[in-house]
>>> print(open('upload-v8.pdb').read())   # PDB, C-alpha atoms and all ligand atoms
ATOM      1  CA  MET A   1      18.070  31.731  -7.721  1.00  0.00           C
ATOM      2  CA  ASP A   2      17.591  35.226  -9.076  1.00  0.00           C
ATOM      3  CA  PRO A   3      13.877  35.417 -10.079  1.00  0.00           C
ATOM      4  CA  THR A   4      14.788  37.420 -13.171  1.00  0.00           C
ATOM      5  CA  ALA A   5      16.816  34.423 -14.386  1.00  0.00           C
ATOM      6  CA  VAL A   6      13.693  32.251 -14.105  1.00  0.00           C
ATOM      7  CA  ASN A   7      11.680  34.843 -16.026  1.00  0.00           C
ATOM      8  CA  TRP A   8      14.324  34.951 -18.687  1.00  0.00           C
ATOM      9  CA  ASN A   9      14.553  31.229 -19.381  1.00  0.00           C
ATOM     10  CA  LYS A  10      11.125  29.837 -18.456  1.00  0.00           C
ATOM     11  CA  GLU A  11       9.543  30.523 -21.871  1.00  0.00           C
ATOM     12  CA  PRO A  12      12.287  28.912 -24.005  1.00  0.00           C
ATOM     13  CA  ILE A  13      12.275  25.861 -21.704  1.00  0.00           C
ATOM     14  CA  LEU A  14       8.479  25.722 -21.884  1.00  0.00           C
ATOM     15  CA  GLY A  15       8.744  25.774 -25.679  1.00  0.00           C
ATOM     16  CA  ALA A  16      10.998  22.720 -25.576  1.00  0.00           C
ATOM     17  CA  LEU A  17       8.719  20.905 -23.100  1.00  0.00           C
ATOM     18  CA  GLN A  18       5.593  21.568 -25.172  1.00  0.00           C
ATOM     19  CA  GLN A  19       6.948  19.319 -27.901  1.00  0.00           C
ATOM     20  CA  TYR A  20       6.862  16.376 -25.505  1.00  0.00           C
ATOM     21  CA  VAL A  21       3.956  17.133 -23.207  1.00  0.00           C
ATOM     22  CA  SER A  22       1.232  18.734 -25.351  1.00  0.00           C
ATOM     23  CA  PRO A  23       0.841  16.008 -27.997  1.00  0.00           C
ATOM     24  CA  ALA A  24       0.740  13.162 -25.458  1.00  0.00           C
ATOM     25  CA  PRO A  25      -2.629  11.319 -25.558  1.00  0.00           C
ATOM     26  CA  ARG A  26      -2.456  10.635 -21.798  1.00  0.00           C
ATOM     27  CA  GLN A  27      -1.225  12.368 -18.685  1.00  0.00           C
ATOM     28  CA  VAL A  28       2.550  12.713 -18.704  1.00  0.00           C
ATOM     29  CA  GLU A  29       4.417  12.440 -15.398  1.00  0.00           C
ATOM     30  CA  VAL A  30       7.350  14.789 -15.035  1.00  0.00           C
ATOM     31  CA  LEU A  31      10.001  14.937 -12.295  1.00  0.00           C
ATOM     32  CA  GLU A  32      11.941  18.143 -11.801  1.00  0.00           C
ATOM     33  CA  VAL A  33      15.282  17.582 -10.092  1.00  0.00           C
ATOM     34  CA  ALA A  34      16.390  20.710  -8.168  1.00  0.00           C
ATOM     35  CA  SER A  35      13.188  22.776  -8.304  1.00  0.00           C
ATOM     36  CA  GLY A  36      14.678  25.812  -6.574  1.00  0.00           C
ATOM     37  CA  SER A  37      11.904  28.240  -5.611  1.00  0.00           C
ATOM     38  CA  GLY A  38       9.329  26.268  -7.620  1.00  0.00           C
ATOM     39  CA  GLN A  39       8.821  29.073 -10.123  1.00  0.00           C
ATOM     40  CA  HIS A  40       9.623  26.939 -13.155  1.00  0.00           C
ATOM     41  CA  VAL A  41       7.502  23.974 -12.161  1.00  0.00           C
ATOM     42  CA  THR A  42       4.465  26.136 -11.325  1.00  0.00           C
ATOM     43  CA  HIS A  43       4.744  28.033 -14.599  1.00  0.00           C
ATOM     44  CA  PHE A  44       4.949  24.780 -16.570  1.00  0.00           C
ATOM     45  CA  ALA A  45       2.065  23.251 -14.580  1.00  0.00           C
ATOM     46  CA  ARG A  46      -0.199  26.209 -15.348  1.00  0.00           C
ATOM     47  CA  THR A  47       0.628  26.156 -19.038  1.00  0.00           C
ATOM     48  CA  LEU A  48       0.701  22.375 -19.495  1.00  0.00           C
ATOM     49  CA  PRO A  49      -2.168  21.068 -17.337  1.00  0.00           C
ATOM     50  CA  ASN A  50      -2.153  17.608 -18.952  1.00  0.00           C
ATOM     51  CA  ALA A  51       1.109  16.823 -17.166  1.00  0.00           C
ATOM     52  CA  LEU A  52       1.511  15.843 -13.517  1.00  0.00           C
ATOM     53  CA  TRP A  53       4.531  17.604 -12.057  1.00  0.00           C
ATOM     54  CA  GLN A  54       6.742  16.281  -9.264  1.00  0.00           C
ATOM     55  CA  PRO A  55       9.033  18.990  -7.852  1.00  0.00           C
ATOM     56  CA  SER A  56      12.029  18.050  -5.725  1.00  0.00           C
ATOM     57  CA  LYS A  57      14.528  19.833  -3.549  1.00  0.00           C
ATOM     58  CA  LEU A  58      17.665  19.223  -1.591  1.00  0.00           C
ATOM     59  CA  ASP A  59      16.735  21.711   1.089  1.00  0.00           C
ATOM     60  CA  LEU A  60      13.832  20.891   3.427  1.00  0.00           C
ATOM     61  CA  VAL A  61      13.009  24.563   4.155  1.00  0.00           C
ATOM     62  CA  CYS A  62      12.731  25.388   0.455  1.00  0.00           C
ATOM     63  CA  MET A  63      10.428  22.392   0.028  1.00  0.00           C
ATOM     64  CA  GLN A  64       7.915  24.202   2.244  1.00  0.00           C
ATOM     65  CA  SER A  65       8.117  27.301   0.074  1.00  0.00           C
ATOM     66  CA  ILE A  66       7.432  25.229  -3.058  1.00  0.00           C
ATOM     67  CA  SER A  67       4.346  23.749  -1.335  1.00  0.00           C
ATOM     68  CA  ALA A  68       3.185  27.230  -0.319  1.00  0.00           C
ATOM     69  CA  LEU A  69       3.572  28.553  -3.870  1.00  0.00           C
ATOM     70  CA  THR A  70       1.727  25.565  -5.326  1.00  0.00           C
ATOM     71  CA  SER A  71      -1.239  25.939  -2.985  1.00  0.00           C
ATOM     72  CA  ALA A  72      -1.351  29.725  -3.411  1.00  0.00           C
ATOM     73  CA  LEU A  73      -1.653  29.186  -7.159  1.00  0.00           C
ATOM     74  CA  CYS A  74      -4.179  26.323  -6.721  1.00  0.00           C
ATOM     75  CA  LEU A  75      -2.381  23.899  -8.993  1.00  0.00           C
ATOM     76  CA  PRO A  76      -3.869  20.404  -8.655  1.00  0.00           C
ATOM     77  CA  ASN A  77      -1.342  18.959 -11.100  1.00  0.00           C
ATOM     78  CA  VAL A  78       1.705  19.671  -8.916  1.00  0.00           C
ATOM     79  CA  LYS A  79       2.560  16.997  -6.343  1.00  0.00           C
ATOM     80  CA  PRO A  80       4.053  17.883  -2.961  1.00  0.00           C
ATOM     81  CA  PRO A  81       7.825  18.233  -3.346  1.00  0.00           C
ATOM     82  CA  VAL A  82      10.073  15.329  -2.435  1.00  0.00           C
ATOM     83  CA  TYR A  83      13.543  15.478  -0.951  1.00  0.00           C
ATOM     84  CA  LEU A  84      15.986  14.431  -3.664  1.00  0.00           C
ATOM     85  CA  ASP A  85      19.771  14.528  -3.702  1.00  0.00           C
ATOM     86  CA  SER A  86      20.836  13.573  -7.219  1.00  0.00           C
ATOM     87  CA  SER A  87      24.304  12.550  -6.015  1.00  0.00           C
ATOM     88  CA  LYS A  88      22.672   9.744  -4.001  1.00  0.00           C
ATOM     89  CA  SER A  89      21.581   6.443  -5.493  1.00  0.00           C
ATOM     90  CA  TRP A  90      18.298   6.701  -7.469  1.00  0.00           C
ATOM     91  CA  GLY A  91      16.851   4.072  -5.095  1.00  0.00           C
ATOM     92  CA  MET A  92      16.905   6.771  -2.407  1.00  0.00           C
ATOM     93  CA  TRP A  93      14.919   9.236  -4.538  1.00  0.00           C
ATOM     94  CA  GLY A  94      11.670   7.723  -3.219  1.00  0.00           C
ATOM     95  CA  LEU A  95      10.156   7.278  -6.692  1.00  0.00           C
ATOM     96  CA  LYS A  96       8.787   4.158  -8.327  1.00  0.00           C
ATOM     97  CA  PRO A  97      10.777   3.017 -11.379  1.00  0.00           C
ATOM     98  CA  SER A  98       7.635   3.045 -13.507  1.00  0.00           C
ATOM     99  CA  ALA A  99       6.466   6.454 -12.405  1.00  0.00           C
ATOM    100  CA  LEU A 100       8.040   8.855 -14.858  1.00  0.00           C
ATOM    101  CA  ASP A 101       7.847   9.921 -18.472  1.00  0.00           C
ATOM    102  CA  LEU A 102      10.153  12.934 -18.336  1.00  0.00           C
ATOM    103  CA  ILE A 103      12.866  14.301 -16.065  1.00  0.00           C
ATOM    104  CA  ILE A 104      13.848  17.969 -16.207  1.00  0.00           C
ATOM    105  CA  ASN A 105      16.739  19.701 -14.504  1.00  0.00           C
ATOM    106  CA  ILE A 106      17.428  23.416 -14.849  1.00  0.00           C
ATOM    107  CA  ASN A 107      20.511  25.307 -13.729  1.00  0.00           C
ATOM    108  CA  MET A 108      21.954  22.645 -11.421  1.00  0.00           C
ATOM    109  CA  ILE A 109      24.726  21.022 -13.418  1.00  0.00           C
ATOM    110  CA  HIS A 110      27.002  24.058 -13.494  1.00  0.00           C
ATOM    111  CA  VAL A 111      26.597  24.960  -9.811  1.00  0.00           C
ATOM    112  CA  SER A 112      27.100  21.513  -8.268  1.00  0.00           C
ATOM    113  CA  ASN A 113      29.775  18.829  -8.093  1.00  0.00           C
ATOM    114  CA  VAL A 114      30.130  16.535 -11.079  1.00  0.00           C
ATOM    115  CA  ASN A 115      28.883  13.587  -8.975  1.00  0.00           C
ATOM    116  CA  CYS A 116      25.465  15.335  -8.839  1.00  0.00           C
ATOM    117  CA  THR A 117      25.314  15.305 -12.648  1.00  0.00           C
ATOM    118  CA  GLU A 118      26.522  11.699 -12.839  1.00  0.00           C
ATOM    119  CA  GLY A 119      23.864  10.702 -10.295  1.00  0.00           C
ATOM    120  CA  LEU A 120      21.202  12.614 -12.224  1.00  0.00           C
ATOM    121  CA  PHE A 121      21.917  10.655 -15.398  1.00  0.00           C
ATOM    122  CA  ARG A 122      22.211   7.323 -13.543  1.00  0.00           C
ATOM    123  CA  GLY A 123      18.800   7.954 -11.978  1.00  0.00           C
ATOM    124  CA  ALA A 124      17.257   9.092 -15.259  1.00  0.00           C
ATOM    125  CA  GLY A 125      18.456   5.877 -16.868  1.00  0.00           C
ATOM    126  CA  LYS A 126      16.814   3.780 -14.162  1.00  0.00           C
ATOM    127  CA  LEU A 127      13.365   5.393 -14.066  1.00  0.00           C
ATOM    128  CA  PRO A 128      11.845   4.435 -17.432  1.00  0.00           C
ATOM    129  CA  PRO A 129       8.143   3.669 -17.931  1.00  0.00           C
ATOM    130  CA  GLN A 130       7.097   0.152 -16.846  1.00  0.00           C
ATOM    131  CA  SER A 131       6.022  -0.599 -20.436  1.00  0.00           C
ATOM    132  CA  ASN A 132       9.662  -0.222 -21.497  1.00  0.00           C
ATOM    133  CA  VAL A 133      10.828  -2.465 -18.651  1.00  0.00           C
ATOM    134  CA  ASP A 134       8.310  -5.161 -19.663  1.00  0.00           C
ATOM    135  CA  PHE A 135       9.215  -4.834 -23.347  1.00  0.00           C
ATOM    136  CA  ASN A 136      12.900  -5.186 -22.489  1.00  0.00           C
ATOM    137  CA  ASP A 137      12.201  -8.369 -20.471  1.00  0.00           C
ATOM    138  CA  THR A 138      10.268  -9.834 -23.425  1.00  0.00           C
ATOM    139  CA  LEU A 139      13.086  -9.050 -25.854  1.00  0.00           C
ATOM    140  CA  ARG A 140      15.676 -10.643 -23.554  1.00  0.00           C
ATOM    141  CA  LEU A 141      13.539 -13.783 -23.188  1.00  0.00           C
ATOM    142  CA  ARG A 142      13.494 -14.169 -26.962  1.00  0.00           C
ATOM    143  CA  ASN A 143      17.162 -13.331 -27.381  1.00  0.00           C
ATOM    144  CA  PRO A 144      19.504 -12.841 -24.387  1.00  0.00           C
ATOM    145  CA  ALA A 145      21.743 -10.634 -26.547  1.00  0.00           C
ATOM    146  CA  GLY A 146      18.791  -8.380 -27.405  1.00  0.00           C
ATOM    147  CA  GLY A 147      17.045  -5.712 -25.356  1.00  0.00           C
ATOM    148  CA  LEU A 148      16.408  -1.986 -25.429  1.00  0.00           C
ATOM    149  CA  ARG A 149      19.565   0.035 -26.017  1.00  0.00           C
ATOM    150  CA  ASP A 150      20.619   3.132 -24.221  1.00  0.00           C
ATOM    151  CA  THR A 151      19.773   6.100 -26.451  1.00  0.00           C
ATOM    152  CA  ALA A 152      23.414   7.181 -26.073  1.00  0.00           C
ATOM    153  CA  LEU A 153      24.491   4.212 -28.210  1.00  0.00           C
ATOM    154  CA  PRO A 154      23.054   5.332 -31.590  1.00  0.00           C
ATOM    155  CA  GLN A 155      24.200   8.845 -30.742  1.00  0.00           C
ATOM    156  CA  GLN A 156      27.790   7.709 -30.168  1.00  0.00           C
ATOM    157  CA  LEU A 157      27.808   5.449 -33.234  1.00  0.00           C
ATOM    158  CA  ALA A 158      26.496   8.268 -35.427  1.00  0.00           C
ATOM    159  CA  GLU A 159      29.207  10.623 -34.207  1.00  0.00           C
ATOM    160  CA  VAL A 160      31.977   8.037 -34.615  1.00  0.00           C
ATOM    161  CA  ASN A 161      30.811   7.590 -38.211  1.00  0.00           C
ATOM    162  CA  GLY A 162      30.804  11.269 -39.067  1.00  0.00           C
ATOM    163  CA  MET A 163      27.108  12.036 -38.612  1.00  0.00           C
ATOM    164  CA  CYS A 164      25.624  14.718 -36.418  1.00  0.00           C
ATOM    165  CA  PRO A 165      22.303  13.553 -34.911  1.00  0.00           C
ATOM    166  CA  GLU A 166      19.925  16.514 -34.813  1.00  0.00           C
ATOM    167  CA  ARG A 167      17.088  15.198 -32.678  1.00  0.00           C
ATOM    168  CA  MET A 168      15.290  12.104 -31.450  1.00  0.00           C
ATOM    169  CA  VAL A 169      11.672  11.848 -32.521  1.00  0.00           C
ATOM    170  CA  GLU A 170       9.231  10.246 -30.103  1.00  0.00           C
ATOM    171  CA  MET A 171       6.970   7.559 -31.590  1.00  0.00           C
ATOM    172  CA  PRO A 172       3.455   6.747 -30.326  1.00  0.00           C
ATOM    173  CA  ALA A 173       3.479   4.247 -27.461  1.00  0.00           C
ATOM    174  CA  ASN A 174       2.240   0.732 -28.213  1.00  0.00           C
ATOM    175  CA  GLU A 175      -0.597   0.862 -25.647  1.00  0.00           C
TER     176      GLU A 175
HETATM  177  C1  LIG B   1      20.995  27.685  -9.318  1.00  0.00           C
HETATM  178  S1  LIG B   1      19.829  26.761  -8.424  1.00  0.00           S
HETATM  179  C2  LIG B   1      18.618  26.406  -9.673  1.00  0.00           C
HETATM  180  C3  LIG B   1      17.256  26.195  -9.120  1.00  0.00           C
HETATM  181  C4  LIG B   1      16.126  26.077 -10.166  1.00  0.00           C
HETATM  182  N1  LIG B   1      16.239  24.883 -10.943  1.00  0.00           N
HETATM  183  C5  LIG B   1      16.096  27.284 -11.054  1.00  0.00           C
HETATM  184  O1  LIG B   1      16.518  27.216 -12.210  1.00  0.00           O
HETATM  185  O2  LIG B   1      15.607  28.323 -10.576  1.00  0.00           O
HETATM  186  C6  LIG B   1      20.674  25.212  -8.243  1.00  0.00           C
HETATM  187  C7  LIG B   1      19.880  24.220  -7.446  1.00  0.00           C
HETATM  188  O3  LIG B   1      20.531  22.962  -7.497  1.00  0.00           O
HETATM  189  C8  LIG B   1      20.270  22.311  -6.279  1.00  0.00           C
HETATM  190  N2  LIG B   1      21.234  21.209  -6.091  1.00  0.00           N
HETATM  191  C9  LIG B   1      22.575  21.300  -5.935  1.00  0.00           C
HETATM  192  N3  LIG B   1      23.101  20.068  -5.780  1.00  0.00           N
HETATM  193  C10 LIG B   1      22.074  19.190  -5.861  1.00  0.00           C
HETATM  194  C11 LIG B   1      21.956  17.772  -5.768  1.00  0.00           C
HETATM  195  N4  LIG B   1      23.016  16.998  -5.551  1.00  0.00           N
HETATM  196  N5  LIG B   1      20.740  17.206  -5.885  1.00  0.00           N
HETATM  197  C12 LIG B   1      19.644  17.969  -6.101  1.00  0.00           C
HETATM  198  N6  LIG B   1      19.678  19.316  -6.188  1.00  0.00           N
HETATM  199  C13 LIG B   1      20.870  19.919  -6.063  1.00  0.00           C
HETATM  200  C14 LIG B   1      20.351  23.399  -5.222  1.00  0.00           C
HETATM  201  O4  LIG B   1      19.622  23.056  -4.063  1.00  0.00           O
HETATM  202  C15 LIG B   1      19.739  24.593  -5.975  1.00  0.00           C
HETATM  203  O5  LIG B   1      18.366  24.713  -5.685  1.00  0.00           O
END
>>> encode(input="upload-v8.pdb", output="structure tokens")
Amino acid sequence: MDPTAVNWNKEPILGALQQYVSPAPRQVEVLEVASGSGQHVTHFARTLPNALWQPSKLDLVCMQSISALTSALCLPNVKPPVYLDSSKSWGMWGLKPSALDLIININMIHVSNVNCTEGLFRGAGKLPPQSNVDFNDTLRLRNPAGGLRDTALPQQLAEVNGMCPERMVEMPANE
């Protein structure tokens, strides 16, 4: 990836991430799918130290360069990169279902096959916080027709009914 492209888009992306990471009362765990050279993840980790960042890469050689960059910058909140191919089943991503609060992916969708994007979204849908999994189980016990809905559902229903959803607003967790 051209480093100037990273310099160009890292601040606007950081601005979007700050809305989710900065106000969190606890450490937020973030997975980056397709970390490239690691320049984004290290920039975000320096600026948002209350998040724990998990970089990932498809290419084993580049994984070493991400590790080198992370240690050169002394960033304790960046985990060693994991090998992750988003086109493969999320079960092969090597991550616990309860481990993540956020997943970010920058500049991969338009340079890879559509099955990589489909896999990315399938994986993202399967790696919710454990509290959500437990809450869903409780709801289903009470009412088998109940349960947490995919956030795409209200989005689709709004659009079908002539509304244009602007944004989803995160509510405090019931901890
Ligand atoms: C244009 S680079 C972007 C890298 C970085 N995110 C950035 O913005 O600098 C596209 C990246 O997508 C990765 N990639 C392509 N297909 C992938 C897949 N199926 N799973 C994970 N990463 C993939 C490539 O290894 C490459 O690093």
>>> axis_aligned_box(input="upload-v8.pdb", around="segment 98-116 of chain A", padding_each_side="4 Å", output="AutoDock Vina command-line options")
--center_x 18.3 --center_y 14.2 --center_z -13.3 --size_x 31.7 --size_y 30.3 --size_z 18.4
>>> residues_near_ligand(input="upload-v8.pdb", ligand="ligand LIG 1 (chain B)", cutoff="8 Å", atoms="all atoms listed in the file", output="VMD selection string")
chain A and resid 1 to 3 5 to 6 33 to 40 56 to 59 84 to 88 105 to 109 111 to 113 115 to 117 119 to 120
>>> atom_distance(input="upload-v8.pdb", atom1="atom CA of Glu166 of chain A", atom2="atom CA of Asp137 of chain A")
29.7 Å
>>> closest_residue(input="upload-v8.pdb", among="A:Ala68, A:Ala124, A:Leu157, A:Val41", to="Ser89 of chain A", atoms="all atoms listed in the file")
A:Ala124
>>> closest_residue(input="upload-v8.pdb", among="A:His110, A:Lys10, A:Lys126, A:Lys79", to="Gly91 of chain A", atoms="all atoms listed in the file")
A:Lys126
>>> closest_residue(input="upload-v8.pdb", among="A:Leu14, A:Ile66, A:Gly94, A:Ala24", to="Phe44 of chain A", atoms="only C-alpha atoms")
A:Leu14
>>> atom_distance(input="upload-v8.pdb", atom1="atom CA of Val61 of chain A", atom2="atom CA of Val78 of chain A")
18.0 Å
>>> resolve_selection(input="upload-v8.pdb", expression="the PyMOL selection byres (((chain A and resi 27) around 8) and not hetatm)", output="PyMOL selection string")
chain A and resi 24-26+28-29+50-52
>>> write_last_selection(input="upload-v8.pdb", atoms="C-alpha atoms", output="PDB file, in the frame of the given file")
ATOM      1  CA  ALA A  24       0.740  13.162 -25.458  1.00  0.00           C
ATOM      2  CA  PRO A  25      -2.629  11.319 -25.558  1.00  0.00           C
ATOM      3  CA  ARG A  26      -2.456  10.635 -21.798  1.00  0.00           C
ATOM      4  CA  VAL A  28       2.550  12.713 -18.704  1.00  0.00           C
ATOM      5  CA  GLU A  29       4.417  12.440 -15.398  1.00  0.00           C
ATOM      6  CA  ASN A  50      -2.153  17.608 -18.952  1.00  0.00           C
ATOM      7  CA  ALA A  51       1.109  16.823 -17.166  1.00  0.00           C
ATOM      8  CA  LEU A  52       1.511  15.843 -13.517  1.00  0.00           C
TER       9      LEU A  52
END
>>> closest_residue(input="upload-v8.pdb", among="A:Tyr20, A:Trp53, A:Trp93, A:Phe135", to="Thr70 of chain A", atoms="all atoms listed in the file")
A:Trp53
>>> closest_residue(input="upload-v8.pdb", among="A:Asn7, A:Thr138, A:Thr42, A:Gln18", to="Gln54 of chain A", atoms="only C-alpha atoms")
A:Thr42
>>> residues_near_point(input="upload-v8.pdb", point="(15.8, 12.8, -30.1)", cutoff="12 Å", atoms="all atoms listed in the file", output="list in words")
Ala16, Gln19, Tyr20, Thr151, Ala152, Pro154, Gln155, Cys164, Pro165, Glu166, Arg167, Met168, Val169, Glu170 and Met171 of chain A
>>> atom_distance(input="upload-v8.pdb", atom1="atom CA of Gln156 of chain A", atom2="atom CA of Ile13 of chain A")
25.3 Å
>>> closest_residue(input="upload-v8.pdb", among="A:Val133, A:Leu60, A:Val160, A:Ala99", to="Leu148 of chain A", atoms="all atoms listed in the file")
A:Val133
